[in-house]
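Structure record follows, encoded as structure tokens.
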Amino acid sequence: MSVSFELQDELQALQDIENYDIPNEQDPNSHDPGPLLQQAVGAIAHSSEEITDPEIFDIFRSLLKHSDAVAGPYMSKMLDALLSAFGAQIDAAIRDSKEEDQQIVMAHKLPLEMYAFLVNWFVGAAEKVKAMGEEDAPPAPVKARRGRGGKAGSSRAAAAKKAEQWTWTDQIPGTLELICKALKLKTHRIWVTSPERDAFITCLTRPAYHVAESEQYMKIQNVRMHVYKVICLAVKHHGHTLAAQINIMQSLQYYEHLSEPMAECLSILAKEFDHAQLGDEILREIAGKSFSAQDTKGPRAFSRFLVRFSEESPRSVLKQISLLIGHLDSESYPMRMAIVEVIGSLIRELATSEDMTSRTNGSNQASKQLDGLFELLLSRTLDLSSYVRSKVFTTLSKMLDLPLRLPEQRLRITRAAVDTLEDKASTVRKAAVSILVKLILTHPYGEMYGGDLNLEKWEERYKTWKDKLEEMEGGIGKAVERDQDDKEEIDSNVDEEDGDEDEDTEMEGTDVNDDGDASSDNPKPKKRKATRKSTVNVTAIVSEQEALAALETNEILAMGLRKKYCTEALDFVRTLEGGMVLLTQLLGSTNKAEVLESMEFFRVASEYQLASAEGIKRMLHLIWHKDNSSTSEDGKELKGVRSRLLECYRMLYFDPLPDMEPKQQVNRIAKNMIELTYEATLAELTSLEEMMRIMMEDGQIHYDVINKLWQVYSAPQALPRSQRRGAIIILGMLALSKRTIISEKVDTLLKIGLGPFGKADLTLARYTCLALQRLNGSAKKVKGSLLDKSLRMGMDNPIFRKLQNTIEHPCRSKDWFCMAEQAINTIYALGEHPDELCNNLLKNLTRRAFAKRQDAEDPPSEPNTDTMEVDQEMEPPGPASHAPSSTHISTQQSSTSEEKDLGDVFHLSQLLFVVGHVAIKHIVFLELVEREWKRQKDEKQLGEKLAAGGSPGRANKETEELDQVAGNAEDEIGERIAAVRETELLYGEQSLLKLYGPLLVHVCGSPHKFKNRTLRAAATLSFSKFLCVSSQFCDQHHHLLFKILETSRDPNIRSNIVIALGDVAVSFSNIIDENSNELYKGLSDGDLVVKKNTLMVLTHLILNGMIKVKGQLGEMAKCVEDEEPRIADLAKLFFTELSTKDNAIYNNLPDVISHLSTGDHAVEEEIFKSTMRYIFSFIEKEKQAENIVEKLCQRFRLSEDPRQWRDIAFCLSLLPFKSERSVKKLIEGLQFYRDKLHEEGVYDRFSEILSKARSNKSANKPDTELNEFESILDEHRRQGEEDQAFEKRVEGKKAAAKRKATRRSARKKAVEAEPEPTSHALAPGDDDDLYV
């Protein structure tokens, strides 16, 4: 009995499984399916043909339909039986297919279809069993507990549960393997019609597609490979191409995880099954698709497919690239990124192909393709999306690892990367820096000269080869001319390739060809062979002279290649160095990954001897960066900036080199340390100091290096001054971390730095004084604490005697001021009673200054000349200089008043400088005295309490509390010290400084009498310091300082005064606050340093609340658009910080607008716009924006200038208009600006505001009000234009009437002036007769 079975109909019916009709349906829910299954399995095990029995077939169908009720072991048993019987049927069909009788073969059709149908159904049903098994797992123990049969019940349940834990995953490979076996059938003999055969193949392949839909299964290698095999066999042998194409496209669209597996499948189909047509069709279909910018899922899936397919099968993609390139203009950026990566894969394929590596006839075509693809790739560096631009450089970076050197393309990549350093997106800039690093590391110019990229060396090499080439070309005789045609042909080929100059020993023509670059566009083997053959023939036939000439020609060829090699290297180096400025700026980026990449670039550039010194120095400032862990976009953890900086500097300067003796290592490290101080600015020295401190704390600096530095410092023989200075600078820095470095060598410091070497080199003496200050340690004072860990020495210590001798030593160099400053700092840092020593010092200097000179005429000229010569060398200040002015002191003298001076002007300058610095240091010393008094008082009170019977623990607690409130505890001590500072220091009868106050006032107030620049600079500086001492002195004389600021022509003096005013403001804020307008004038100073210092001082005073802003913020705003970038950056930093204060910018905004728009301070309109655009970016609160709208609208009423109207309208357009209230305020102010709308630019701004209001309006609100407002604006603009035209006509008529009246009155006067008419009329030509 046979069953009626149509496979296509059954497959269709299976779509609706609930209504699927089975004639002999058995319900496993009503009775145990075991016996039924046993019956069916036994039948097909006996004969696979039994499946055609309707009863057997229906048992299997029933179990599959109710598979959710069938236990796992039964499903496993059913699958094994089906696969075994299906396999037997396939074997039988394969055997019978060899028979010629068609009926025998076709007899297998029905069983095969039925087995295929059941296997197909089982794959879908197995998923349900697995899912149900998982869901029902928890209730299983509950059933076991219900039975009273205790142990037996629980053991049965456990056994059943264990049996149920079958996994479909393990069965998938076997199932798919059987399907693969079925696909080896000769289906065209069994199924005569195409629809029937297609139905069978679809039934076999559907399980593979179904399995592929599960991401979990596709992660298993064995399962994945079987899925590929099923699809490939069906496509290759059974015409499954179209169905597979549809299925794959749907898989890409709906299952993201299938993007890469499907690409692998198509690659296997092309490579192992020699069937590339399906891949081509899918690529063509993808090329024809279009993706919108809003669609995210689709483009990502297709882009991943394309990228993977291009990696697996680049040749297939290369055939369709002309179509796929259309996606470079796709709206969806993931597709553009995919095409960029695809192009990268194609370049890699072409560059490694035999055509390019073996230089066959196809290399010309491949080279052209390569150029075209590179051009496409580089053009995408201008893509709108930063993701695409970044991907371009990531892709290009992979190209640099290719064995083919591609010199021309490398240069183009380098130029593109340097241009991209100014990109707006930090990710793109980072990618550009990264590829520049890769370009340096993989550069092809290292074979001949060792790999360095020093510009000067390469220029020298280029010049050498150029000269040699010209010399040799000039010496060639007639023999070369005879062979000129061949030579030109070879030379033209050489010009198109990059030479790899390994041919140092052999100069034959064939060697030159081998050493040429593999990326040449033209194949040259034939031409080369012809040349070589010609040479041999000439050698055999003609004279020896001609043979030598031919050899010389080959040498010229080699030299031409070398010259071209040097030219390309020079281009590469110059391009890299052209980007150094931008790369240095990137070190200050807020993006951590970008900063780290830039640091890596400078490290690598330094190793390759590129001119990266500026970047290495700028890196130092990153030592202040606060490290915290972060991750990059690709999920990698980024190292901290500071730790990376230390690592870079260690690698460059401090790590030992291999193959070097330990002694040489120490010498090298010490030398590197010293060289870091050469020509370093104050900022660089400060950052270097912090780095050295950290490295010393971490134990990264060996004591042998420290000993070597001491050897350099104390070397008795003559050394370059900078070397000895560098040694003591570094030692002073290291002593911050460990003071014993200095304390053990104090005698050396006194002998060298404060001995003959120091007196000969005052800068060395200055840094020695700084090193001595390290004896105090580097413990920072805790605010409010009375503890003082500083070291104090008796005044009989030899250090102080040496310091005094150094200061008093006769000297006329401007370096003396810097040295004296640090020497006095050292005295006050280390001495117990510094005032005693300074008393003697001041008296000695006073005697010297006012002593009458023995020879009043001749000596002045000689020292003055020396002083002026020294002045011309400006050196940077020391790292701890507190008096900026000491670096600006000049010692130029006036020749007119010199003869009248009774004392030495330079000695007077020295005296006044020391007086001022002693005064300011004494204030600091008084604070220490105050703290010491308070500490002693606290100890005394504590001792009394302990004596009275207090517990030690309680006493300790009370001590801590006293430390915390020490600032307020002893008011009488503070008041006493304040009184000393206020009345005794400059006014006390016993005070030595009292004598010098009037002297300073007299010198500063008499510029016509005291014209010497050094004297005036020193006097002004000291006068400024005196103002910080006493409010009484400051109140009496501060106007003189403002007067000097206004009148002085010396920018150094003005710069010092600005800084001094900042210090005075900290001490006596009310005095400076009253005169703050004078301070703002420095912002318009012509000198850059004065301007910068003024801006920094004002920033400090305003942000810390030392002075109030009274409408002068407009002057600060002007600096935002300053021509000097440093000024502009400082101004922007100020406004950024000011925006964090409550409403500070909002409150001052009207004043800023007025200041910049009208009056003497007004700026150009474009500058006004850019400044306001920046400042308005800080107005974020909607309430503030509403109030500003109201205020600006009212301003229209009071302004008559069209420029003001335009400025106000522009400011209004900068506001966001996010709320309805803002728009309402604008409409309410219509009366104030309606008559200004005719002005060009004003109406345009209101149009912009309307656009903003519409875009911010909620969707459910009608546009009625805005449309009405727009029509009113149009009406008023038209009316205004008509009024303007009418006024112009009236003005024109008035002017015409005025001209007419003027002409009439002129004629009347002319008539009155004419004489009485004569009796005869005069001819026109007789005018002259009137004067006869």
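Residue names in the structure tokens use chain letters A, B, ... in the order shown, residue numbers from 1 in each chain, and ligand numbers from 1 in the order shown.
Neighbouring residues of Lys1225 in chain A at 9 Å or closer, counting only C-alpha atoms and skipping chain neighbours under 3 positions away, are Glu1186, Asn1187, Val1189, Glu1190, Cys1193, Glu1220, Arg1221, Ser1222, Glu1228, Gly1229 and Leu1230 of chain A.
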Worksheet item: Among range 234-316 of chain A, which residues carry a DSSP assignment of helix (DSSP H, G or I), reported as a PyMOL selection string?
Response: chain A and resi 234-238+241-254+256-271+277-288+297-312+314-316
Can I get the selection written as a PDB file, in the first residue's frame, with C-alpha atoms?
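Output saved as result_12.pdb:
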```
ATOM      1  CA  ALA A 234      23.484  22.291  -3.861  1.00  0.00           C
ATOM      2  CA  VAL A 235      24.708  25.285  -5.878  1.00  0.00           C
ATOM      3  CA  LYS A 236      27.430  23.423  -7.736  1.00  0.00           C
ATOM      4  CA  HIS A 237      25.562  20.267  -8.743  1.00  0.00           C
ATOM      5  CA  HIS A 238      21.839  20.963  -8.444  1.00  0.00           C
ATOM      6  CA  THR A 241      22.125  29.252  -7.434  1.00  0.00           C
ATOM      7  CA  LEU A 242      19.035  31.473  -7.599  1.00  0.00           C
ATOM      8  CA  ALA A 243      17.496  30.066  -4.419  1.00  0.00           C
ATOM      9  CA  ALA A 244      20.819  30.374  -2.609  1.00  0.00           C
ATOM     10  CA  GLN A 245      21.135  33.990  -3.779  1.00  0.00           C
ATOM     11  CA  ILE A 246      17.693  34.822  -2.366  1.00  0.00           C
ATOM     12  CA  ASN A 247      18.405  32.983   0.889  1.00  0.00           C
ATOM     13  CA  ILE A 248      21.813  34.635   1.383  1.00  0.00           C
ATOM     14  CA  MET A 249      20.458  38.127   0.701  1.00  0.00           C
ATOM     15  CA  GLN A 250      17.651  37.533   3.200  1.00  0.00           C
ATOM     16  CA  SER A 251      20.142  36.183   5.738  1.00  0.00           C
ATOM     17  CA  LEU A 252      22.256  39.332   5.378  1.00  0.00           C
ATOM     18  CA  GLN A 253      19.195  41.503   5.817  1.00  0.00           C
ATOM     19  CA  TYR A 254      17.651  39.785   8.843  1.00  0.00           C
ATOM     20  CA  GLU A 256      23.481  40.229  11.422  1.00  0.00           C
ATOM     21  CA  HIS A 257      25.621  37.348  12.639  1.00  0.00           C
ATOM     22  CA  LEU A 258      25.534  35.745   9.175  1.00  0.00           C
ATOM     23  CA  SER A 259      27.426  38.538   7.394  1.00  0.00           C
ATOM     24  CA  GLU A 260      30.864  37.022   7.768  1.00  0.00           C
ATOM     25  CA  PRO A 261      29.843  33.313   7.567  1.00  0.00           C
ATOM     26  CA  MET A 262      28.054  33.909   4.251  1.00  0.00           C
ATOM     27  CA  ALA A 263      31.157  35.641   2.894  1.00  0.00           C
ATOM     28  CA  GLU A 264      33.224  32.618   3.942  1.00  0.00           C
ATOM     29  CA  CYS A 265      30.696  30.280   2.314  1.00  0.00           C
ATOM     30  CA  LEU A 266      30.874  32.125  -1.011  1.00  0.00           C
ATOM     31  CA  SER A 267      34.660  32.150  -0.821  1.00  0.00           C
ATOM     32  CA  ILE A 268      34.743  28.369  -0.305  1.00  0.00           C
ATOM     33  CA  LEU A 269      32.276  27.961  -3.187  1.00  0.00           C
ATOM     34  CA  ALA A 270      34.595  29.931  -5.459  1.00  0.00           C
ATOM     35  CA  LYS A 271      37.882  28.365  -4.347  1.00  0.00           C
ATOM     36  CA  GLN A 277      29.082  33.050 -10.304  1.00  0.00           C
ATOM     37  CA  LEU A 278      26.963  33.132  -7.137  1.00  0.00           C
ATOM     38  CA  GLY A 279      29.410  35.504  -5.427  1.00  0.00           C
ATOM     39  CA  ASP A 280      29.403  37.733  -8.511  1.00  0.00           C
ATOM     40  CA  GLU A 281      25.604  37.822  -8.602  1.00  0.00           C
ATOM     41  CA  ILE A 282      25.345  38.737  -4.931  1.00  0.00           C
ATOM     42  CA  LEU A 283      27.969  41.480  -5.319  1.00  0.00           C
ATOM     43  CA  ARG A 284      26.031  42.880  -8.286  1.00  0.00           C
ATOM     44  CA  GLU A 285      22.804  42.809  -6.297  1.00  0.00           C
ATOM     45  CA  ILE A 286      24.448  44.579  -3.328  1.00  0.00           C
ATOM     46  CA  ALA A 287      25.945  47.154  -5.710  1.00  0.00           C
ATOM     47  CA  GLY A 288      22.426  47.904  -6.947  1.00  0.00           C
ATOM     48  CA  LYS A 297      21.104  47.643  10.734  1.00  0.00           C
ATOM     49  CA  GLY A 298      21.113  46.835   6.995  1.00  0.00           C
ATOM     50  CA  PRO A 299      24.254  48.738   5.996  1.00  0.00           C
ATOM     51  CA  ARG A 300      26.228  47.312   8.896  1.00  0.00           C
ATOM     52  CA  ALA A 301      25.395  43.727   7.918  1.00  0.00           C
ATOM     53  CA  PHE A 302      26.159  44.249   4.226  1.00  0.00           C
ATOM     54  CA  SER A 303      29.318  46.195   4.992  1.00  0.00           C
ATOM     55  CA  ARG A 304      30.660  43.380   7.176  1.00  0.00           C
ATOM     56  CA  PHE A 305      29.856  40.904   4.405  1.00  0.00           C
ATOM     57  CA  LEU A 306      31.718  42.953   1.799  1.00  0.00           C
ATOM     58  CA  VAL A 307      34.760  43.424   4.002  1.00  0.00           C
ATOM     59  CA  ARG A 308      35.009  39.717   4.821  1.00  0.00           C
ATOM     60  CA  PHE A 309      34.390  38.623   1.244  1.00  0.00           C
ATOM     61  CA  SER A 310      37.081  40.996  -0.027  1.00  0.00           C
ATOM     62  CA  GLU A 311      39.533  39.476   2.462  1.00  0.00           C
ATOM     63  CA  GLU A 312      38.604  35.897   1.584  1.00  0.00           C
ATOM     64  CA  PRO A 314      39.658  39.590  -3.337  1.00  0.00           C
ATOM     65  CA  ARG A 315      39.809  38.572  -7.008  1.00  0.00           C
ATOM     66  CA  SER A 316      36.043  38.052  -7.106  1.00  0.00           C
TER      67      SER A 316
END
```
Practice prompt. Pick out the residues sitting within 10 Å of range 199-206 of chain A, and hand them over as an NGL selection string; count only C-alpha atoms, and ignore anything fewer than 2 positions along from it in its own chain.
Written response: :A and (6-9 or 11 or 109 or 112-121 or 123-124 or 176 or 178-180 or 182-183 or 187 or 191 or 194-197 or 208-212 or 227 or 230-231 or 233-235 or 238-240 or 243-244 or 247)
Worksheet item: Suppose you want the space between CA of Phe1232 in chain A and CA of Arg1197 in chain A; what is it in Å?
Response: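 Distance between the two atoms: 5.0 Å.
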Worksheet entry | Nearest to Ile440 in chain A by atom-to-atom distance, counting only C-alpha atoms, from A:Glu18, A:Asp401, A:Asp383, A:Asp423 | A:Asp401
Worksheet entry | For CA of Ser1213 in chain A and CA of Leu1237 in chain A, the interatomic separation in Å (one decimal) |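 Spanning CA of Ser1213 in chain A to CA of Leu1237 in chain A is a straight-line distance of 14.1 Å.
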Item to complete: Measure the distance from CA of Ser1177 in chain A to CA of Pro1150 in chain A in Å and round it to one decimal.
Response: 15.1 Å
Worksheet entry | Arg739 in chain A environment, 10 Å, only C-alpha atoms, sequence neighbours closer than 2 positions dropped, as JSON, numbers by chain | {"A": [731, 732, 733, 734, 735, 736, 737, 741, 742, 743, 744, 771, 772, 773, 774, 775, 776, 777, 778]}
For the contact check between range 716-767 of chain A and range 801-820 of chain A, emit one row per residue of range 716-767 of chain A within 8 Å, containing the shortest atom pair and the distance in Å rounded to one decimal, counting only C-alpha atoms, chain then rising number order, as a tab-separated table.
```
residue	atom	partner	partner_atom	distance
A:Leu750	CA	A:Lys802	CA	6.9
A:Leu754	CA	A:Lys802	CA	6.3
A:Gly755	CA	A:Lys802	CA	7.9
A:Lys759	CA	A:Thr806	CA	6.8
A:Leu762	CA	A:Asp815	CA	5.9
A:Thr763	CA	A:Asp815	CA	6.4
A:Ala765	CA	A:Met819	CA	6.3
A:Arg766	CA	A:Met819	CA	4.3
A:Tyr767	CA	A:Met819	CA	8.0
```
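With distances restricted to only C-alpha atoms, A:Arg189 is the closest residue to Ala107 in chain A from A:Arg61, A:His1008, A:Arg189, A:Lys671.
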